[in-house]
Amino acid sequence: MTAPVLSLTWTDHVTGRQGHLVIDRLVRGVSSGGLRMREGCTLDEVAGLARGMTMKEALHYNPDGKYIPLGGAKGGIDCDPQDPRAYGILVRYLRAVRPYVETMWTTGEDLGLTQDIVDRAAAEAGLVSSIQAVYHLLDDEATARRRLADAFAVEVDGIGLDELVGGCGVAESVLVALDRAGVAHEGTRVSVQGLGTMGGATARFLARAGLRIVAVADIKGTVAHPDGLDVDALLAARDSYGTVDRTALRPEDLELPGDAWLSVDAEVLVPAAVSYAIDTANQAQITASWIVEAANMPVLQEAEELLSRRGVTVLPDVVVNSGTNAWWWWTLFGDIEADAAEAFAYTRRSMRELIGQMLARAEADGTTPRAAAHAIVADRLPVITERFGWYR
């Protein structure tokens with residue numbers, strides 16, 4: 001692996017908290033990757049996420065599309081997003097990295113941050129937009145920006161389209177895996193860790209496809225029911241951090257310890273909260289057949305190796321949760337309009353094709369889906385390099 005283009009650590013002069021930025025690759029001088037905020041965020045974590053973004057961008061390359069893949073990048077701030085000082089730290093971080101946001105790093109919401117908070121902090125830091133570095137690549141900047149703004153204003157059942165498209169992609173990944181295995185959607189049991197933007201939307205789409213969401217975990221613990229939870233009621237009862245108000249639970253719903261989501265009887269586990277959630281110790285509790293990585297880097301490599309030996313298939317984050325990032329660019333570049341039905345259809349079609357290619361490659365090569373995803377990226381990078389230029 002080659003070294004990233006840029007790797008830096010910033011220290012806040014007010015609180016002593018640190019922030020990190022890693023630009024893994026540049027395509028036509030621009031990279032893409034969100035900004036996360038969590039207690040304990042490290043430079044190594046951000047570097048791994050930036051490399052993942054490089055892969056996500058390459059995986060969604062369509063030579064017939066208007067969206068041209070960018071390079072991969074990621075930002076991270078070591079702070080609890082609920083800390084009263086968090087917003088001030090975010091603003092000062094963005095001021096510090098402003099030259100990179102203006103010229104080569106497009107960013108947005110990630111773990112611990114919502115897009116509206118990022119947008120507000122970016123404006124306070126003197127930025128035009130958190131994605132302004134890509135504007136010079138657009139054929140018609142004004143129209144493109146208006147189209148993306150319109151898309152962010154679209155709501156479905158009171159939930160923003162931007163919150164739903166990623167979960168739509170994760171859900172489609174699950175459905176493709178079930179289809180290839182000949183497993184019926186109806187009644188297949190799913191356990192989800194995290195009911196925030198990605199986990200909540202994933203649960204919503206899977207429940208509507210006939211699957212049973214039998215467990216949901218948040219910071220307070222695990223809520224479960226073997227016959228399925230009332231997903232819509234849980235979504236309506238969550239706060240902005242994805243924590244469910246327990247007074248909204250039904251009498252028959254069970255409140256279990258925080259790690260119980262790993263061991264409940266379910267065919268599919270969806271870790272959709274934090275990185276490094278499944279390690280070499282707790283992987284032994286898992287009896288599911290599939291782990292579908294909605295979060296970034298939720299399964300440690302050593303744990304994945306142990307799971308693979310036990311016949312558990314891990315669908316990797318770089319493919320599974322790539323829908324949100326791709327939707328931004330499909331919309332901005334003009335492959336789709338600001339319309340929910342079109343966005344969901346395009347996301348489903350693209351994810352179904354990509355997941356299908358990955359699983360077929362894994363089967364043909366006798367390897368894991370993650371290794372197959374890496375192989376697909378390796379095939380596509382030379383094509384992107386030849387057409388657009390790829391800078392280390």
# chains A, B, ... in the order shown; residues from 1 in each chain; ligands from 1
>>> select_by_dssp(residues="region 42-254 of chain A", states="strand (DSSP E)", output="ChimeraX atom specification")
/A:71-78,105-106,155-156,159-160,189-193,212-218,221-224,254
>>> select_by_dssp(residues="region 125-210 of chain A", states="helix (DSSP H, G or I)", output="JSON, numbers by chain")
{"A": [132, 133, 134, 135, 136, 137, 141, 142, 143, 144, 145, 146, 147, 148, 149, 150, 151, 152, 153, 161, 162, 163, 164, 165, 166, 167, 168, 169, 170, 171, 172, 173, 174, 175, 176, 177, 178, 179, 180, 181, 197, 198, 199, 200, 201, 202, 203, 204, 205, 206, 207, 208]}
>>> atom_distance(atom1="CA of Val190 (chain A)", atom2="CA of Asp339 (chain A)")
28.8 Å
>>> closest_atom_pairs(of="region 200-231 of chain A", to="region 249-270 of chain A", cutoff="9 Å", atoms="only C-alpha atoms", output="tab-separated table")
residue	atom	partner	partner_atom	distance
A:Thr202	CA	A:Val270	CA	8.6
A:Ile213	CA	A:Ala266	CA	8.8
A:Val214	CA	A:Ala266	CA	7.3
A:Ala215	CA	A:Trp261	CA	6.0
A:Val216	CA	A:Trp261	CA	6.7
A:Ala217	CA	A:Trp261	CA	6.2
A:Asp218	CA	A:Gly258	CA	7.3
A:Ile219	CA	A:Gly258	CA	7.3
A:Lys220	CA	A:Gly258	CA	6.8
A:Gly221	CA	A:Gly258	CA	3.7
A:Thr222	CA	A:Leu256	CA	4.9
A:Val223	CA	A:Glu255	CA	4.8
A:Ala224	CA	A:Leu254	CA	5.1
A:His225	CA	A:Asp253	CA	5.4
A:Pro226	CA	A:Asp265	CA	7.8
A:Leu229	CA	A:Asp253	CA	7.4
A:Asp230	CA	A:Arg250	CA	8.5
>>> residues_around(residues="Ile77 (chain A)", least_positions_apart="2", cutoff="7 Å", atoms="only C-alpha atoms", output="short mmCIF file (atom, residue, chain, number, x, y, z; two decimals) with all heavy atoms, in the first residue's frame")
data_model
loop_
_atom_site.label_atom_id
_atom_site.label_comp_id
_atom_site.auth_asym_id
_atom_site.auth_seq_id
_atom_site.Cartn_x
_atom_site.Cartn_y
_atom_site.Cartn_z
N GLN A 18 -7.69 16.79 20.04
CA GLN A 18 -7.03 16.65 18.75
C GLN A 18 -8.02 16.29 17.64
O GLN A 18 -9.03 15.63 17.87
CB GLN A 18 -5.94 15.58 18.81
CG GLN A 18 -4.75 15.99 19.67
CD GLN A 18 -3.58 15.03 19.53
OE1 GLN A 18 -3.77 13.82 19.40
NE2 GLN A 18 -2.37 15.57 19.55
N GLY A 19 -7.69 16.77 16.46
CA GLY A 19 -8.42 16.40 15.26
C GLY A 19 -7.43 15.89 14.22
O GLY A 19 -6.25 16.22 14.26
N HIS A 20 -7.92 15.07 13.31
CA HIS A 20 -7.04 14.45 12.31
C HIS A 20 -7.64 14.62 10.91
O HIS A 20 -8.86 14.70 10.75
CB HIS A 20 -6.86 12.96 12.61
CG HIS A 20 -6.52 12.65 14.03
ND1 HIS A 20 -5.27 12.90 14.56
CD2 HIS A 20 -7.29 12.16 15.04
CE1 HIS A 20 -5.28 12.54 15.84
NE2 HIS A 20 -6.48 12.08 16.15
N ARG A 36 -15.94 12.68 11.20
CA ARG A 36 -16.57 12.08 12.36
C ARG A 36 -16.08 12.73 13.64
O ARG A 36 -15.00 13.34 13.68
CB ARG A 36 -16.30 10.58 12.40
CG ARG A 36 -14.84 10.17 12.58
CD ARG A 36 -14.68 8.66 12.83
NE ARG A 36 -15.59 7.87 12.04
CZ ARG A 36 -15.86 6.58 12.27
NH1 ARG A 36 -15.27 5.96 13.29
NH2 ARG A 36 -16.67 5.92 11.51
N MET A 37 -16.87 12.57 14.69
CA MET A 37 -16.48 13.06 16.00
C MET A 37 -16.85 12.00 17.03
O MET A 37 -18.01 11.61 17.16
CB MET A 37 -17.18 14.38 16.34
CG MET A 37 -16.84 14.91 17.73
SD MET A 37 -17.67 16.49 18.14
CE MET A 37 -16.66 17.66 17.23
N ARG A 38 -15.85 11.49 17.73
CA ARG A 38 -16.10 10.52 18.78
C ARG A 38 -14.94 10.53 19.77
O ARG A 38 -13.79 10.82 19.40
CB ARG A 38 -16.31 9.13 18.23
CG ARG A 38 -15.04 8.40 17.79
CD ARG A 38 -15.28 6.93 17.51
NE ARG A 38 -14.02 6.23 17.33
CZ ARG A 38 -13.30 5.68 18.32
NH1 ARG A 38 -13.74 5.77 19.56
NH2 ARG A 38 -12.16 5.07 18.07
N CYS A 41 -11.12 8.97 18.99
CA CYS A 41 -10.78 8.91 17.57
C CYS A 41 -9.28 9.13 17.38
O CYS A 41 -8.70 10.07 17.94
CB CYS A 41 -11.56 9.96 16.80
SG CYS A 41 -11.33 9.91 15.00
N CYS A 79 -13.43 13.69 20.39
CA CYS A 79 -14.28 14.38 21.35
C CYS A 79 -15.65 13.72 21.35
O CYS A 79 -16.16 13.32 20.29
CB CYS A 79 -14.42 15.86 20.98
SG CYS A 79 -15.46 16.82 22.10
#
>>> closest_residue(among="A:Gly33, A:Gly242, A:Pro81, A:Pro271", to="Trp328 (chain A)", atoms="only C-alpha atoms")
A:Gly33
>>> residues_around(residues="Ala47 (chain A)", least_positions_apart="5", cutoff="10 Å", atoms="only C-alpha atoms", output="VMD selection string")
chain A and resid 3 to 4 6 to 7 20 to 24 42 52 to 53 72 to 76
>>> atom_distance(atom1="CA of Arg189 (chain A)", atom2="CA of Ser289 (chain A)")
10.7 Å
>>> residues_around(residues="Ile355 (chain A)", least_positions_apart="3", cutoff="10 Å", atoms="only C-alpha atoms", output="JSON list (two decimals) with N, CA, C and O atoms, in the first residue's frame")
[["chain", "number", "residue", "atom", "x", "y", "z"],
["A", 169, "GLY", "N", -29.24, 1.37, 0.69],
["A", 169, "GLY", "CA", -28.14, 0.60, 0.12],
["A", 169, "GLY", "C", -27.74, -0.58, 0.99],
["A", 169, "GLY", "O", -27.45, -1.68, 0.49],
["A", 172, "GLU", "N", -30.42, -3.26, 0.68],
["A", 172, "GLU", "CA", -30.32, -3.96, -0.60],
["A", 172, "GLU", "C", -29.18, -4.97, -0.57],
["A", 172, "GLU", "O", -29.28, -6.05, -1.17],
["A", 173, "SER", "N", -28.09, -4.63, 0.14],
["A", 173, "SER", "CA", -26.98, -5.56, 0.28],
["A", 173, "SER", "C", -27.43, -6.85, 0.98],
["A", 173, "SER", "O", -27.06, -7.96, 0.58],
["A", 174, "VAL", "N", -28.22, -6.68, 2.03],
["A", 174, "VAL", "CA", -28.76, -7.85, 2.74],
["A", 174, "VAL", "C", -29.63, -8.68, 1.81],
["A", 174, "VAL", "O", -29.49, -9.91, 1.74],
["A", 175, "LEU", "N", -30.51, -8.02, 1.08],
["A", 175, "LEU", "CA", -31.44, -8.74, 0.22],
["A", 175, "LEU", "C", -30.72, -9.50, -0.89],
["A", 175, "LEU", "O", -31.10, -10.63, -1.24],
["A", 176, "VAL", "N", -29.68, -8.92, -1.45],
["A", 176, "VAL", "CA", -28.91, -9.60, -2.49],
["A", 176, "VAL", "C", -28.25, -10.85, -1.93],
["A", 176, "VAL", "O", -28.25, -11.92, -2.56],
["A", 177, "ALA", "N", -27.66, -10.74, -0.73],
["A", 177, "ALA", "CA", -27.03, -11.90, -0.11],
["A", 177, "ALA", "C", -28.04, -13.02, 0.13],
["A", 177, "ALA", "O", -27.76, -14.20, -0.12],
["A", 315, "LEU", "N", -20.08, -9.03, 4.86],
["A", 315, "LEU", "CA", -20.16, -8.13, 3.72],
["A", 315, "LEU", "C", -19.50, -6.81, 4.13],
["A", 315, "LEU", "O", -19.96, -6.16, 5.08],
["A", 316, "PRO", "N", -18.44, -6.39, 3.44],
["A", 316, "PRO", "CA", -17.59, -5.29, 3.93],
["A", 316, "PRO", "C", -18.20, -3.91, 3.77],
["A", 316, "PRO", "O", -18.94, -3.62, 2.83],
["A", 319, "VAL", "N", -18.24, -1.54, 0.54],
["A", 319, "VAL", "CA", -19.29, -1.72, -0.45],
["A", 319, "VAL", "C", -20.66, -1.41, 0.17],
["A", 319, "VAL", "O", -21.43, -0.61, -0.34],
["A", 320, "VAL", "N", -20.94, -2.03, 1.30],
["A", 320, "VAL", "CA", -22.27, -2.01, 1.90],
["A", 320, "VAL", "C", -22.76, -0.60, 2.21],
["A", 320, "VAL", "O", -23.92, -0.25, 1.93],
["A", 350, "SER", "N", -27.81, 0.11, -8.37],
["A", 350, "SER", "CA", -26.35, 0.18, -8.29],
["A", 350, "SER", "C", -25.79, -0.76, -7.24],
["A", 350, "SER", "O", -24.80, -1.47, -7.47],
["A", 351, "MET", "N", -26.43, -0.79, -6.06],
["A", 351, "MET", "CA", -25.94, -1.65, -4.98],
["A", 351, "MET", "C", -26.16, -3.12, -5.31],
["A", 351, "MET", "O", -25.31, -3.97, -5.01],
["A", 352, "ARG", "N", -27.28, -3.44, -5.92],
["A", 352, "ARG", "CA", -27.53, -4.84, -6.29],
["A", 352, "ARG", "C", -26.47, -5.33, -7.28],
["A", 352, "ARG", "O", -25.96, -6.45, -7.16],
["A", 358, "MET", "N", -19.42, -8.51, -6.33],
["A", 358, "MET", "CA", -18.50, -8.88, -5.25],
["A", 358, "MET", "C", -18.69, -10.32, -4.81],
["A", 358, "MET", "O", -17.71, -11.08, -4.66],
["A", 359, "LEU", "N", -19.93, -10.75, -4.61],
["A", 359, "LEU", "CA", -20.18, -12.11, -4.15],
["A", 359, "LEU", "C", -19.84, -13.13, -5.23],
["A", 359, "LEU", "O", -19.32, -14.21, -4.92],
["A", 360, "ALA", "N", -20.09, -12.79, -6.48],
["A", 360, "ALA", "CA", -19.71, -13.69, -7.57],
["A", 360, "ALA", "C", -18.20, -13.83, -7.66],
["A", 360, "ALA", "O", -17.67, -14.94, -7.88],
["A", 361, "ARG", "N", -17.50, -12.72, -7.48],
["A", 361, "ARG", "CA", -16.03, -12.74, -7.52],
["A", 361, "ARG", "C", -15.48, -13.56, -6.35],
["A", 361, "ARG", "O", -14.54, -14.34, -6.52],
["A", 369, "PRO", "N", -15.72, -11.92, 0.66],
["A", 369, "PRO", "CA", -16.24, -10.75, -0.03],
["A", 369, "PRO", "C", -15.31, -9.54, 0.07],
["A", 369, "PRO", "O", -15.19, -8.77, -0.88],
["A", 373, "ALA", "N", -13.83, -7.49, -3.02],
["A", 373, "ALA", "CA", -13.99, -6.05, -3.20],
["A", 373, "ALA", "C", -12.65, -5.39, -3.52],
["A", 373, "ALA", "O", -12.57, -4.53, -4.40]]
>>> closest_residue(among="A:Gly65, A:Gly182, A:Gly48, A:Gly167", to="Ala203 (chain A)", atoms="only C-alpha atoms")
A:Gly167
>>> residues_around(residues="Arg387 (chain A)", least_positions_apart="3", cutoff="12 Å", atoms="only C-alpha atoms", output="list in words")
Val27, Arg28, Tyr61, Pro63, Ile68, Pro69, Arg380, Leu381, Pro382, Val383, Ile384 and Trp390 of chain A
>>> closest_residue(among="A:Gly199, A:Gly40, A:Gly228, A:Gly323", to="Gly166 (chain A)", atoms="only C-alpha atoms")
A:Gly323
>>> closest_residue(among="A:Leu35, A:Ala343, A:Ala142, A:Leu195", to="Ala122 (chain A)", atoms="only C-alpha atoms")
A:Leu35
>>> closest_residue(among="A:Leu113, A:Leu138, A:Leu94, A:Ala50", to="Phe333 (chain A)", atoms="only C-alpha atoms")
A:Leu138
>>> residues_around(residues="region 144-158 of chain A", least_positions_apart="3", cutoff="8 Å", atoms="only C-alpha atoms", output="ChimeraX atom specification")
/A:138,140-141,161-162,328,331-334,337-340
>>> closest_residue(among="A:Leu137, A:Trp330, A:Val128, A:Asp116", to="Phe388 (chain A)", atoms="only C-alpha atoms")
A:Leu137
